[in-house]
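Data from protein-v9.cif: mmCIF, C-alpha atoms
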data_final
#
loop_
_atom_site.label_atom_id
_atom_site.label_comp_id
_atom_site.auth_asym_id
_atom_site.auth_seq_id
_atom_site.Cartn_x
_atom_site.Cartn_y
_atom_site.Cartn_z
CA MET A 1015 0.00 0.00 0.00
CA GLU A 1016 1.72 3.20 -1.14
CA VAL A 1017 1.41 6.46 0.72
CA GLN A 1018 1.46 9.94 -0.71
CA ALA A 1019 2.42 12.79 1.60
CA ASP A 1020 2.65 16.53 1.56
CA THR A 1021 3.92 19.07 4.04
CA ALA A 1022 2.72 22.61 4.61
CA LYS A 1023 4.40 25.15 6.82
CA THR A 1024 3.07 28.27 8.44
CA GLY A 1025 4.59 30.74 10.84
CA ILE A 1026 8.22 31.75 11.14
CA GLN A 1027 11.21 29.44 11.50
CA PRO A 1028 12.39 29.87 15.10
CA GLU A 1029 15.63 31.78 15.32
CA GLY A 1030 15.95 31.48 19.11
CA LYS A 1031 13.67 33.20 21.53
CA GLU A 1032 14.66 36.15 23.67
CA GLU A 1033 17.08 35.15 26.43
CA LEU A 1034 15.89 36.40 29.79
CA GLN A 1035 18.30 37.25 32.58
CA LEU A 1036 16.98 35.27 35.55
CA TYR A 1037 18.32 34.74 39.05
CA ALA A 1038 16.83 31.25 39.39
CA GLN A 1039 19.08 28.30 38.69
CA ALA A 1040 16.09 26.58 37.04
CA ALA A 1041 12.93 28.22 35.77
CA VAL A 1042 9.89 27.55 33.57
CA LEU A 1043 7.06 29.52 32.03
CA LEU A 1044 4.32 27.01 31.17
CA ASP A 1045 1.09 27.19 29.19
CA ALA A 1046 -1.21 25.68 31.82
CA ASP A 1047 -3.75 24.49 29.24
CA SER A 1048 -1.46 22.57 26.89
CA GLY A 1049 1.41 21.87 29.29
CA ARG A 1050 3.86 23.33 26.78
CA VAL A 1051 7.02 25.00 28.04
CA LEU A 1052 7.02 28.54 26.65
CA TYR A 1053 10.31 29.50 28.24
CA GLY A 1054 12.77 27.33 30.10
CA LYS A 1055 16.08 27.60 31.87
CA ASN A 1056 17.53 24.28 33.04
CA GLU A 1057 13.91 23.19 33.23
CA ASN A 1058 14.75 19.49 33.58
CA GLU A 1059 17.41 19.85 36.28
CA VAL A 1060 16.46 17.89 39.41
CA LEU A 1061 16.58 20.14 42.48
CA PRO A 1062 15.04 20.34 45.98
CA MET A 1063 11.89 22.48 46.06
CA ALA A 1064 11.30 23.28 49.75
CA SER A 1065 7.74 24.31 50.72
CA THR A 1066 6.48 24.58 47.15
CA THR A 1067 5.92 20.87 47.92
CA LYS A 1068 2.81 21.92 49.82
CA ILE A 1069 0.78 22.55 46.66
CA MET A 1070 0.84 18.77 46.15
CA THR A 1071 0.09 18.12 49.83
CA CYS A 1072 -2.91 20.43 49.59
CA ILE A 1073 -4.37 19.05 46.36
CA VAL A 1074 -3.98 15.41 47.47
CA ALA A 1075 -5.67 16.24 50.78
CA LEU A 1076 -8.53 18.01 49.01
CA GLU A 1077 -9.04 15.15 46.56
CA TYR A 1078 -8.81 12.25 48.99
CA GLY A 1079 -9.85 13.78 52.31
CA ASN A 1080 -12.94 15.42 53.78
CA VAL A 1081 -12.34 19.00 54.91
CA ASP A 1082 -14.80 18.53 57.78
CA ASP A 1083 -12.99 15.52 59.23
CA ILE A 1084 -11.51 15.98 62.69
CA ILE A 1085 -7.91 14.77 62.78
CA GLU A 1086 -5.52 14.20 65.69
CA VAL A 1087 -1.96 15.42 66.22
CA SER A 1088 0.78 12.82 66.71
CA ALA A 1089 3.97 13.28 68.70
CA TYR A 1090 5.94 13.22 65.44
CA ALA A 1091 3.80 15.99 63.91
CA ALA A 1092 4.20 18.15 67.01
CA SER A 1093 8.01 17.74 66.79
CA MET A 1094 8.36 19.46 63.40
CA PRO A 1095 10.74 22.44 63.18
CA LYS A 1096 9.79 26.01 62.39
CA VAL A 1097 7.85 27.36 60.57
CA LYS A 1098 5.04 25.74 62.59
CA LEU A 1099 1.59 26.22 64.09
CA TYR A 1100 2.80 24.73 67.40
CA VAL A 1101 0.13 22.08 67.58
CA LYS A 1102 0.39 19.68 70.53
CA GLN A 1103 0.21 15.91 70.68
CA GLY A 1104 -3.36 14.69 71.22
CA GLU A 1105 -5.00 17.92 70.03
CA LYS A 1106 -7.65 17.64 67.34
CA TYR A 1107 -8.32 19.92 64.39
CA ARG A 1108 -10.64 20.22 61.43
CA LEU A 1109 -8.76 19.16 58.28
CA GLY A 1110 -10.00 22.17 56.29
CA ASP A 1111 -8.61 24.60 58.89
CA LEU A 1112 -5.16 23.02 58.75
CA LEU A 1113 -5.11 23.43 54.96
CA TYR A 1114 -5.17 27.21 55.49
CA SER A 1115 -2.35 26.87 58.02
CA LEU A 1116 -0.47 24.79 55.43
CA MET A 1117 -0.85 27.14 52.47
CA LEU A 1118 -1.02 30.61 54.03
CA GLU A 1119 1.62 30.28 56.75
CA SER A 1120 3.47 27.21 55.39
CA HIS A 1121 3.36 25.44 58.76
CA ASN A 1122 5.44 22.26 58.75
CA ASP A 1123 3.61 20.58 61.63
CA SER A 1124 0.21 21.07 59.97
CA ALA A 1125 1.56 19.34 56.86
CA VAL A 1126 2.45 16.23 58.89
CA VAL A 1127 -0.90 16.14 60.70
CA ILE A 1128 -2.66 16.27 57.32
CA ALA A 1129 -0.39 13.65 55.75
CA GLU A 1130 -0.77 11.16 58.59
CA ALA A 1131 -4.56 11.57 58.55
CA ILE A 1132 -4.92 11.09 54.78
CA GLY A 1133 -2.14 8.57 54.08
CA GLY A 1134 -2.03 6.69 57.38
CA SER A 1135 1.67 7.56 57.67
CA ILE A 1136 4.21 9.93 56.15
CA GLU A 1137 5.40 7.12 53.88
CA GLY A 1138 1.86 6.27 52.80
CA PHE A 1139 1.06 9.89 52.00
CA ALA A 1140 4.37 10.33 50.12
CA GLU A 1141 3.40 7.41 47.89
CA MET A 1142 0.05 9.10 47.21
CA MET A 1143 1.92 12.28 46.26
CA ASN A 1144 4.30 10.38 43.99
CA GLN A 1145 1.45 8.52 42.32
CA LYS A 1146 -0.37 11.80 41.71
CA ALA A 1147 2.82 13.25 40.20
CA ARG A 1148 3.03 10.28 37.82
CA ASP A 1149 -0.65 10.67 36.95
CA ILE A 1150 0.01 14.30 36.00
CA GLY A 1151 2.99 13.26 33.89
CA CYS A 1152 5.74 14.38 36.26
CA TYR A 1153 8.34 11.61 36.20
CA ASP A 1154 11.32 13.58 37.53
CA THR A 1155 9.66 14.38 40.86
CA TYR A 1156 10.17 12.46 44.10
CA PHE A 1157 8.35 13.33 47.31
CA ILE A 1158 9.58 12.12 50.69
CA THR A 1159 7.99 14.68 53.04
CA PRO A 1160 4.65 16.53 52.92
CA ASN A 1161 6.21 19.82 53.99
CA GLY A 1162 9.26 20.07 51.73
CA LEU A 1163 11.94 19.82 54.39
CA ASP A 1164 15.16 18.52 52.86
CA ALA A 1165 15.20 14.71 52.96
CA ILE A 1166 17.05 11.75 51.49
CA VAL A 1167 16.38 8.01 51.29
CA ASN A 1168 19.63 6.51 52.54
CA GLU A 1169 19.14 3.17 50.78
CA THR A 1170 18.75 4.71 47.33
CA GLY A 1171 20.29 8.16 47.68
CA LYS A 1172 17.14 9.74 46.22
CA ILE A 1173 16.35 13.20 47.54
CA HIS A 1174 13.12 15.12 47.97
CA SER A 1175 13.17 16.89 44.61
CA THR A 1176 11.52 17.99 41.39
CA THR A 1177 12.25 19.97 38.23
CA ALA A 1178 10.99 23.40 37.28
CA ARG A 1179 9.00 21.80 34.45
CA ASP A 1180 7.34 19.26 36.76
CA LEU A 1181 6.58 21.82 39.45
CA ALA A 1182 4.91 24.14 36.93
CA LYS A 1183 2.86 21.17 35.63
CA ILE A 1184 1.73 20.31 39.17
CA MET A 1185 0.57 23.90 39.70
CA ALA A 1186 -1.24 23.81 36.34
CA TYR A 1187 -3.04 20.67 37.50
CA CYS A 1188 -4.01 22.33 40.79
CA VAL A 1189 -5.57 25.41 39.16
CA LYS A 1190 -6.92 23.95 35.89
CA ASP A 1191 -7.53 20.19 35.94
CA SER A 1192 -8.12 18.92 39.46
CA ALA A 1193 -11.69 18.26 40.58
CA ALA A 1194 -10.70 20.22 43.71
CA LYS A 1195 -9.34 23.25 41.82
CA GLU A 1196 -11.98 25.66 43.16
CA ALA A 1197 -11.22 24.72 46.77
CA PHE A 1198 -7.49 24.99 46.08
CA LEU A 1199 -7.91 28.50 44.65
CA ASP A 1200 -10.19 29.56 47.50
CA ILE A 1201 -7.55 28.56 50.04
CA THR A 1202 -4.52 29.99 48.26
CA GLN A 1203 -6.26 33.30 47.49
CA THR A 1204 -7.43 33.89 51.08
CA LYS A 1205 -5.65 36.82 52.72
CA GLU A 1206 -6.52 36.16 56.38
CA TYR A 1207 -8.01 33.15 58.14
CA GLU A 1208 -8.96 32.39 61.74
CA PHE A 1209 -9.86 29.08 63.37
CA GLN A 1210 -9.80 27.12 66.62
CA ASP A 1211 -8.88 23.60 67.61
CA ALA A 1212 -11.78 21.12 67.72
CA GLU A 1213 -12.42 21.72 71.43
CA GLY A 1214 -12.31 25.50 71.09
CA LYS A 1215 -9.45 25.87 73.58
CA ARG A 1216 -6.94 27.54 71.25
CA SER A 1217 -7.40 30.21 68.59
CA PHE A 1218 -5.21 30.82 65.55
CA HIS A 1219 -4.77 33.53 62.93
CA CYS A 1220 -3.17 32.92 59.52
CA SER A 1221 -1.95 35.53 57.04
CA ASN A 1222 -1.13 34.77 53.43
CA HIS A 1223 2.63 35.13 52.84
CA ASN A 1224 2.36 34.92 49.05
CA SER A 1225 3.27 38.55 48.36
CA PHE A 1226 2.99 38.05 44.61
CA LEU A 1227 -0.81 38.05 44.89
CA SER A 1228 -0.64 41.78 45.59
CA MET A 1229 2.14 42.53 43.09
CA MET A 1230 0.20 41.65 39.94
CA GLU A 1231 -3.54 41.75 39.40
CA GLU A 1232 -3.18 38.72 37.10
CA ALA A 1233 -1.78 36.53 39.91
CA VAL A 1234 -4.24 33.82 41.01
CA SER A 1235 -2.24 31.40 43.16
CA GLY A 1236 1.23 30.58 44.37
CA LYS A 1237 3.47 29.09 47.04
CA THR A 1238 6.84 30.17 48.41
CA GLY A 1239 9.56 27.91 49.78
CA PHE A 1240 12.99 27.99 51.37
CA THR A 1241 15.49 25.57 52.87
CA ASN A 1242 19.26 25.82 53.15
CA LYS A 1243 19.70 23.32 50.31
CA ALA A 1244 16.85 24.49 48.07
CA GLY A 1245 17.35 28.22 48.40
CA TYR A 1246 14.38 30.45 47.68
CA CYS A 1247 11.75 28.76 45.50
CA TYR A 1248 8.40 29.80 44.11
CA VAL A 1249 5.60 28.40 42.01
CA GLY A 1250 2.70 30.55 40.86
CA ALA A 1251 -0.17 30.91 38.40
CA ILE A 1252 -1.36 33.97 36.49
CA GLU A 1253 -4.41 34.56 34.29
CA SER A 1254 -4.67 37.17 31.55
CA GLU A 1255 -7.14 37.51 28.66
CA GLY A 1256 -8.17 33.87 28.70
CA ARG A 1257 -4.61 32.62 29.06
CA THR A 1258 -3.30 30.78 32.12
CA PHE A 1259 0.43 30.58 32.76
CA THR A 1260 2.27 28.82 35.55
CA VAL A 1261 5.80 29.71 36.59
CA ALA A 1262 8.24 27.67 38.66
CA LEU A 1263 11.51 28.96 40.11
CA LEU A 1264 14.07 26.75 41.87
CA ALA A 1265 17.26 27.83 43.64
CA CYS A 1266 16.36 31.48 43.15
CA GLY A 1267 18.95 32.96 45.48
CA TRP A 1268 19.87 32.50 49.13
CA PRO A 1269 19.83 34.97 52.02
CA ASN A 1270 19.95 37.91 51.69
CA HIS A 1271 18.28 37.71 48.29
CA LYS A 1272 14.70 36.95 49.23
CA THR A 1273 13.28 39.28 46.56
CA TYR A 1274 15.02 37.66 43.59
CA LYS A 1275 12.04 35.37 43.05
CA TRP A 1276 9.67 38.33 42.65
CA SER A 1277 11.93 39.85 40.00
CA ASP A 1278 11.99 36.55 38.07
CA MET A 1279 8.23 36.08 38.44
CA LYS A 1280 7.50 39.52 37.02
CA LYS A 1281 9.93 39.00 34.15
CA LEU A 1282 8.53 35.61 33.13
CA SER A 1283 4.91 36.70 33.59
CA ALA A 1284 5.46 39.78 31.43
CA TYR A 1285 7.23 37.68 28.80
CA GLY A 1286 4.25 35.34 28.57
CA MET A 1287 1.60 38.04 28.46
CA GLU A 1288 3.47 40.20 25.93
CA ASN A 1289 4.54 37.47 23.50
CA TYR A 1290 1.90 34.74 23.48
CA GLU A 1291 -1.65 34.75 22.16
CA TYR A 1292 -4.07 32.02 21.11
CA ARG A 1293 -4.24 31.07 17.44
CA ASN A 1294 -6.30 28.34 15.81
CA ILE A 1295 -3.81 26.41 13.68
CA PHE A 1296 -6.38 23.99 12.23
CA GLU A 1297 -6.49 23.95 8.41
CA GLU A 1298 -9.49 22.91 6.34
CA LYS A 1299 -8.44 20.22 3.86
CA GLN A 1300 -9.97 18.51 0.82
CA PHE A 1301 -8.76 15.13 -0.43
CA ASP A 1302 -8.99 13.39 -3.80
CA ALA A 1303 -10.98 10.17 -4.06
CA ILE A 1304 -8.77 7.05 -3.76
CA PRO A 1305 -8.80 4.18 -6.31
CA VAL A 1306 -9.88 0.83 -4.92
CA VAL A 1307 -8.25 -2.25 -6.40
CA ASN A 1308 -10.66 -5.14 -7.15
CA GLY A 1309 -13.54 -2.97 -6.03
CA ALA A 1310 -17.04 -2.59 -7.46
CA ALA A 1311 -17.66 0.94 -8.68
CA GLY A 1312 -21.30 0.80 -7.70
CA LYS A 1313 -24.34 -1.39 -7.24
CA ASP A 1314 -25.07 -1.58 -10.96
CA ALA A 1315 -21.52 -0.94 -12.19
CA SER A 1316 -19.53 -3.13 -14.53
CA PRO A 1317 -16.55 -5.00 -13.04
CA TYR A 1318 -14.45 -3.19 -15.63
CA GLU A 1319 -15.20 0.24 -14.16
CA ASN A 1320 -12.62 1.74 -11.79
CA ALA A 1321 -13.87 2.02 -8.23
CA LEU A 1322 -13.15 5.14 -6.20
CA VAL A 1323 -13.92 6.00 -2.57
CA GLU A 1324 -14.34 9.50 -1.18
CA VAL A 1325 -12.31 10.36 1.92
CA ALA A 1326 -12.34 13.16 4.51
CA LEU A 1327 -11.17 14.04 8.00
CA ASP A 1328 -12.92 11.96 10.64
CA ASP A 1329 -15.98 14.08 11.48
CA GLN A 1330 -15.77 12.99 15.11
CA GLU A 1331 -12.60 15.05 15.53
CA ASP A 1332 -12.69 18.58 16.93
CA SER A 1333 -11.83 21.06 14.19
CA SER A 1334 -10.55 23.66 16.67
CA LEU A 1335 -6.85 23.47 17.47
CA SER A 1336 -5.86 26.53 19.49
CA TYR A 1337 -2.40 27.05 20.91
CA LEU A 1338 -0.59 29.86 22.62
CA LEU A 1339 1.93 31.01 20.04
CA CYS A 1340 4.57 33.67 19.73
CA PRO A 1341 5.87 35.08 16.40
CA GLN A 1342 8.89 32.76 16.46
CA ASP A 1343 6.84 29.56 16.77
CA ASN A 1344 6.74 27.34 13.69
CA VAL A 1345 3.68 25.28 12.76
CA GLU A 1346 4.09 22.44 10.28
CA VAL A 1347 1.20 20.39 8.84
CA ARG A 1348 2.05 17.00 7.35
CA THR A 1349 -0.51 14.98 5.38
CA SER A 1350 -0.12 11.34 4.40
CA VAL A 1351 -2.77 9.39 2.42
CA VAL A 1352 -2.60 5.95 0.79
CA LYS A 1353 -2.44 6.02 -3.03
CA GLU A 1354 -4.83 3.09 -3.42
CA LEU A 1355 -6.89 0.66 -1.35
CA GLU A 1356 -7.78 -3.00 -1.61
CA ALA A 1357 -11.49 -3.84 -1.59
CA PRO A 1358 -13.60 -4.20 0.43
CA VAL A 1359 -13.68 -0.71 1.98
CA ALA A 1360 -16.11 0.32 4.72
CA PRO A 1361 -17.08 3.82 5.90
CA GLY A 1362 -14.73 4.92 8.68
CA ASP A 1363 -11.74 2.87 7.50
CA GLN A 1364 -8.60 4.95 8.11
CA VAL A 1365 -6.71 5.82 4.95
CA GLY A 1366 -4.27 8.43 6.24
CA LYS A 1367 -3.64 11.16 8.74
CA VAL A 1368 -2.96 14.86 9.11
CA SER A 1369 -0.24 15.64 11.65
CA TYR A 1370 0.37 19.03 13.27
CA TYR A 1371 3.86 19.85 14.51
CA LEU A 1372 4.73 22.82 16.68
CA ASN A 1373 8.45 23.60 16.61
CA GLN A 1374 9.01 20.07 15.26
CA GLU A 1375 7.09 18.45 18.13
CA LEU A 1376 3.94 16.49 17.30
CA VAL A 1377 0.94 18.11 19.03
CA LYS A 1378 -2.09 16.62 17.23
CA GLU A 1379 -3.06 14.01 14.66
CA TYR A 1380 -6.34 13.74 12.76
CA ALA A 1381 -7.46 10.55 11.03
CA ILE A 1382 -8.44 10.61 7.35
CA VAL A 1383 -11.21 8.06 6.76
CA ALA A 1384 -13.28 6.62 3.94
CA THR A 1385 -16.76 8.13 3.73
CA GLY A 1386 -18.25 5.49 1.43
CA GLU A 1387 -18.39 1.73 0.93
CA VAL A 1388 -16.79 -0.31 -1.86
CA GLU A 1389 -17.62 -3.99 -2.27
CA ALA A 1390 -14.97 -6.47 -3.36
CA ILE A 1391 -15.35 -8.10 -6.79
CA ASP A 1392 -15.28 -11.66 -5.49
CA TYR A 1393 -17.01 -14.86 -6.72
CA PRO A 1394 -20.43 -14.10 -5.11
CA TRP A 1395 -20.36 -10.56 -6.58
CA VAL A 1396 -19.48 -11.85 -10.08
CA LEU A 1397 -22.26 -14.47 -9.84
CA ARG A 1398 -24.82 -11.82 -8.90
CA TYR A 1399 -23.55 -9.61 -11.74
CA ILE A 1400 -23.95 -12.41 -14.32
CA LEU A 1401 -27.40 -13.34 -13.07
CA LYS A 1402 -28.42 -9.70 -13.31
CA LEU A 1403 -27.23 -9.58 -16.96
CA PHE A 1404 -29.43 -12.53 -17.95
CA ALA A 1405 -32.39 -11.63 -15.78
CA PRO A 1406 -35.58 -11.07 -17.82
CA GLY A 1407 -36.24 -7.44 -18.73
#
Please express what this file holds, its structure, as structure tokens.
Amino acid sequence: MEVQADTAKTGIQPEGKEELQLYAQAAVLLDADSGRVLYGKNENEVLPMASTTKIMTCIVALEYGNVDDIIEVSAYAASMPKVKLYVKQGEKYRLGDLLYSLMLESHNDSAVVIAEAIGGSIEGFAEMMNQKARDIGCYDTYFITPNGLDAIVNETGKIHSTTARDLAKIMAYCVKDSAAKEAFLDITQTKEYEFQDAEGKRSFHCSNHNSFLSMMEEAVSGKTGFTNKAGYCYVGAIESEGRTFTVALLACGWPNHKTYKWSDMKKLSAYGMENYEYRNIFEEKQFDAIPVVNGAAGKDASPYENALVEVALDDQEDSSLSYLLCPQDNVEVRTSVVKELEAPVAPGDQVGKVSYYLNQELVKEYAIVATGEVEAIDYPWVLRYILKLFAPG
């Protein structure tokens, strides 16, 4: 079966996008809808991520827990280092309240209370986090703790770590794809929150330490992080004119450079908003009918007539193909169709495909299918044809 192919190009051949001067050792600007990296710097380098971990802790807790459950503090949870809520062993709290403590104040002890309640143990919850990361498509991420404190598995040498690309994808999942996205956004956008323990003996006040929420009106969520090994880290999401971007920064300075992450966030956010806009790259296409070898041209046709079958794009496919593009992005459309078919042919049989490439990476394929039916000229068909010839007028 021979295949004929053609290639069409649109857009501009990339000549290298603008190089941004960033403080972060690794950084990513991600299109949250498609998961495409729009700008990257060492985006696949595996690094510790500190308390940005807590976005995964929060989303797993929201998806698998009940915010109204009352959960108890263990001795291990109460032993966590600063930053902490200072919960005490045996105290009980509403899960939903501790999620505000987790995300607004980044309390390490609250993270452990949540993890032990949802996963049964720190190890059990870490496996839930790692499975969720794999489900999202983040294969260079490894969670050991629910709070992001530096950790290592002695037997394997694996550290608590991620990549800028993976971290940005996790944030995109939290704000765009998770069934719990609304609850996640409600928590991370809250400026102040007050609650008590389950018995009403202690009262707490939480303030949101994500300063970026007040720096840009487009900011919708984010989480800071810092450890001695990780340095300053940040992951955030911004929305502008129907576009959602996520940004991840790892190893973005050490004391006394706490503000470096805000400089990088503004730079990457501005780059995304100024350079990228949605464009529908779908192209309407018409295809020639395909000859069918040993096929009947029609119900009353002679076996000597050439059979043809009409083909078209599968009408079950969505004809909208919108991507965030900048002027330097290159779109390439490749079409391949068989030159001939062997009878029989049924409606819906695939005869080719149209492939869309963005900067030489395959982003979408559409099936080309037969729209008609062609019978094979076999012995029963020939017999029917002969009988029809000699049938009385």
What separates CA of Leu1116 (chain A) and CA of Ala1265 (chain A) is a distance of 21.5 Å
Could you pull the residues within 12 Å of Gly1214 (chain A), counting all atoms listed in the file, minus those fewer than 3 positions along the same chain, as a PyMOL selection string?
chain A and resi 1105-1108+1209-1211+1217-1218
Rank A:Tyr1078, A:Ala1147, A:Gly1366, A:Lys1172 by their smallest atom-to-atom distance to Ala1194 (chain A), using all atoms listed in the file, and report the top residue only.
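Selected residue with least distance to Ala1194 (chain A): A:Tyr1078.
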So, counting only C-alpha atoms, which residue among A:Glu1389, A:Asp1278, A:Asn1242, A:Arg1293 is closest to Gly1309 (chain A)?
A:Glu1389
Option closest in space to Ala1091 (chain A), from A:Met1070, A:Ile1136, A:Val1042, A:Leu1113 [counting all atoms listed in the file]:
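Between A:Met1070, A:Ile1136, A:Val1042, A:Leu1113, the residue approaching Ala1091 (chain A) most closely is A:Ile1136.
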Give me the residues within 7 Å of Ala1390 (chain A) as a PDB file with C-alpha atoms, in the coordinates of the input, counting only C-alpha atoms and dropping any in the same chain fewer than 3 places off.
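Output saved as out.pdb:
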ATOM      1  CA  ASN A1308     -10.660  -5.140  -7.150  1.00  0.00           C
ATOM      2  CA  GLY A1309     -13.540  -2.970  -6.030  1.00  0.00           C
ATOM      3  CA  ALA A1310     -17.040  -2.590  -7.460  1.00  0.00           C
ATOM      4  CA  ALA A1357     -11.490  -3.840  -1.590  1.00  0.00           C
ATOM      5  CA  PRO A1358     -13.600  -4.200   0.430  1.00  0.00           C
TER       6      PRO A1358
END
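Residues matched by the PyMOL selection byres ((chain A and resi 1303) around 9) in this file are Phe1301, Asp1302, Ile1304, Pro1305, Leu1322, Val1323, Glu1324 and Val1325 of chain A.
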Between CA of Ile1158 (chain A) and CA of Ala1262 (chain A), what distance in Å does the model show, to one decimal?
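Between CA of Ile1158 (chain A) and CA of Ala1262 (chain A) the gap works out to 19.7 Å.
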Identify all residues satisfying the PyMOL selection byres ((chain A and resi 1222) around 10) in the given file; provide them as number ranges by chain.
A: 1114-1115, 1117-1120, 1201-1207, 1220-1221, 1223-1225, 1227, 1237
Could you tell me, as a ChimeraX atom specification, which residues have any atom at most 9 Å from (-1.2, 31.0, 33.4), counting all atoms listed in the file?
/A:1043-1047,1186,1232-1234,1250-1254,1256-1261,1283,1286
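Using all atoms listed in the file, the nearest neighbour of Gly1079 (chain A) within the list A:Ala1129, A:Val1345, A:Met1063, A:Ala1041 is A:Ala1129.
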Residue IDs satisfying the PyMOL selection byres ((chain A and resi 1180) around 8), as JSON, numbers by chain:
{"A": [1151, 1152, 1153, 1154, 1155, 1176, 1177, 1178, 1179, 1181, 1182, 1183, 1184]}
d(CA of Cys1266 (chain A), CA of Val1051 (chain A)) in Å:
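About the pair CA of Cys1266 (chain A) and CA of Val1051 (chain A): they are 18.9 Å apart.
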Please determine, counting only C-alpha atoms, which residue among A:Tyr1053, A:Val1377, A:Asn1320, A:Glu1354 has the shortest atom-to-atom distance to Ala1284 (chain A).
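That would be A:Tyr1053, the residue with the smallest distance to Ala1284 (chain A).
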Enumerate, as number ranges by chain, the protein, DNA and RNA residues whose atoms approach (19.8, 31.8, 54.4) to within 8 Å, taking into account only C-alpha atoms and the coordinate frame of the file.
A: 1241-1242, 1245, 1268-1270
Hey, which of A:Met1185, A:Lys1055, A:Ile1132, A:Glu1288 ends up closest to Leu1034 (chain A)? Count all atoms listed in the file.
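Distance minimum relative to Leu1034 (chain A) lands on A:Lys1055.
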Counting all atoms listed in the file, what is within 8 Å of Leu1163 (chain A), bar same-chain residues fewer than 3 positions away, as a list in words?
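Selected residues are Ala1064, Ser1065, Thr1159 and Thr1241 of chain A.
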Region 1250-1262 of chain A dumped to file, N, CA and C atoms, as an mmCIF file, in the first residue's frame:
data_model
loop_
_atom_site.group_PDB
_atom_site.id
_atom_site.type_symbol
_atom_site.label_atom_id
_atom_site.label_comp_id
_atom_site.auth_asym_id
_atom_site.auth_seq_id
_atom_site.Cartn_x
_atom_site.Cartn_y
_atom_site.Cartn_z
ATOM 1 N N GLY A 1250 3.888 29.704 40.889
ATOM 2 C CA GLY A 1250 2.695 30.549 40.862
ATOM 3 C C GLY A 1250 1.921 30.401 39.570
ATOM 4 N N ALA A 1251 0.704 30.936 39.575
ATOM 5 C CA ALA A 1251 -0.169 30.909 38.400
ATOM 6 C C ALA A 1251 -0.708 32.307 38.155
ATOM 7 N N ILE A 1252 -0.780 32.690 36.865
ATOM 8 C CA ILE A 1252 -1.362 33.974 36.488
ATOM 9 C C ILE A 1252 -2.376 33.761 35.367
ATOM 10 N N GLU A 1253 -3.386 34.608 35.327
ATOM 11 C CA GLU A 1253 -4.410 34.555 34.290
ATOM 12 C C GLU A 1253 -4.523 35.919 33.636
ATOM 13 N N SER A 1254 -4.572 35.925 32.297
ATOM 14 C CA SER A 1254 -4.672 37.171 31.551
ATOM 15 C C SER A 1254 -5.325 36.909 30.205
ATOM 16 N N GLU A 1255 -6.456 37.558 29.953
ATOM 17 C CA GLU A 1255 -7.140 37.513 28.655
ATOM 18 C C GLU A 1255 -7.354 36.077 28.170
ATOM 19 N N GLY A 1256 -7.864 35.248 29.064
ATOM 20 C CA GLY A 1256 -8.174 33.873 28.703
ATOM 21 C C GLY A 1256 -6.987 32.938 28.670
ATOM 22 N N ARG A 1257 -5.816 33.434 29.028
ATOM 23 C CA ARG A 1257 -4.607 32.617 29.064
ATOM 24 C C ARG A 1257 -4.226 32.338 30.508
ATOM 25 N N THR A 1258 -3.790 31.122 30.786
ATOM 26 C CA THR A 1258 -3.297 30.779 32.117
ATOM 27 C C THR A 1258 -1.860 30.286 31.999
ATOM 28 N N PHE A 1259 -0.973 30.947 32.724
ATOM 29 C CA PHE A 1259 0.434 30.579 32.756
ATOM 30 C C PHE A 1259 0.795 30.113 34.157
ATOM 31 N N THR A 1260 1.677 29.145 34.257
ATOM 32 C CA THR A 1260 2.273 28.825 35.547
ATOM 33 C C THR A 1260 3.776 29.013 35.433
ATOM 34 N N VAL A 1261 4.366 29.436 36.533
ATOM 35 C CA VAL A 1261 5.804 29.714 36.586
ATOM 36 C C VAL A 1261 6.395 28.976 37.773
ATOM 37 N N ALA A 1262 7.522 28.333 37.581
ATOM 38 C CA ALA A 1262 8.240 27.667 38.664
ATOM 39 C C ALA A 1262 9.668 28.161 38.697
#
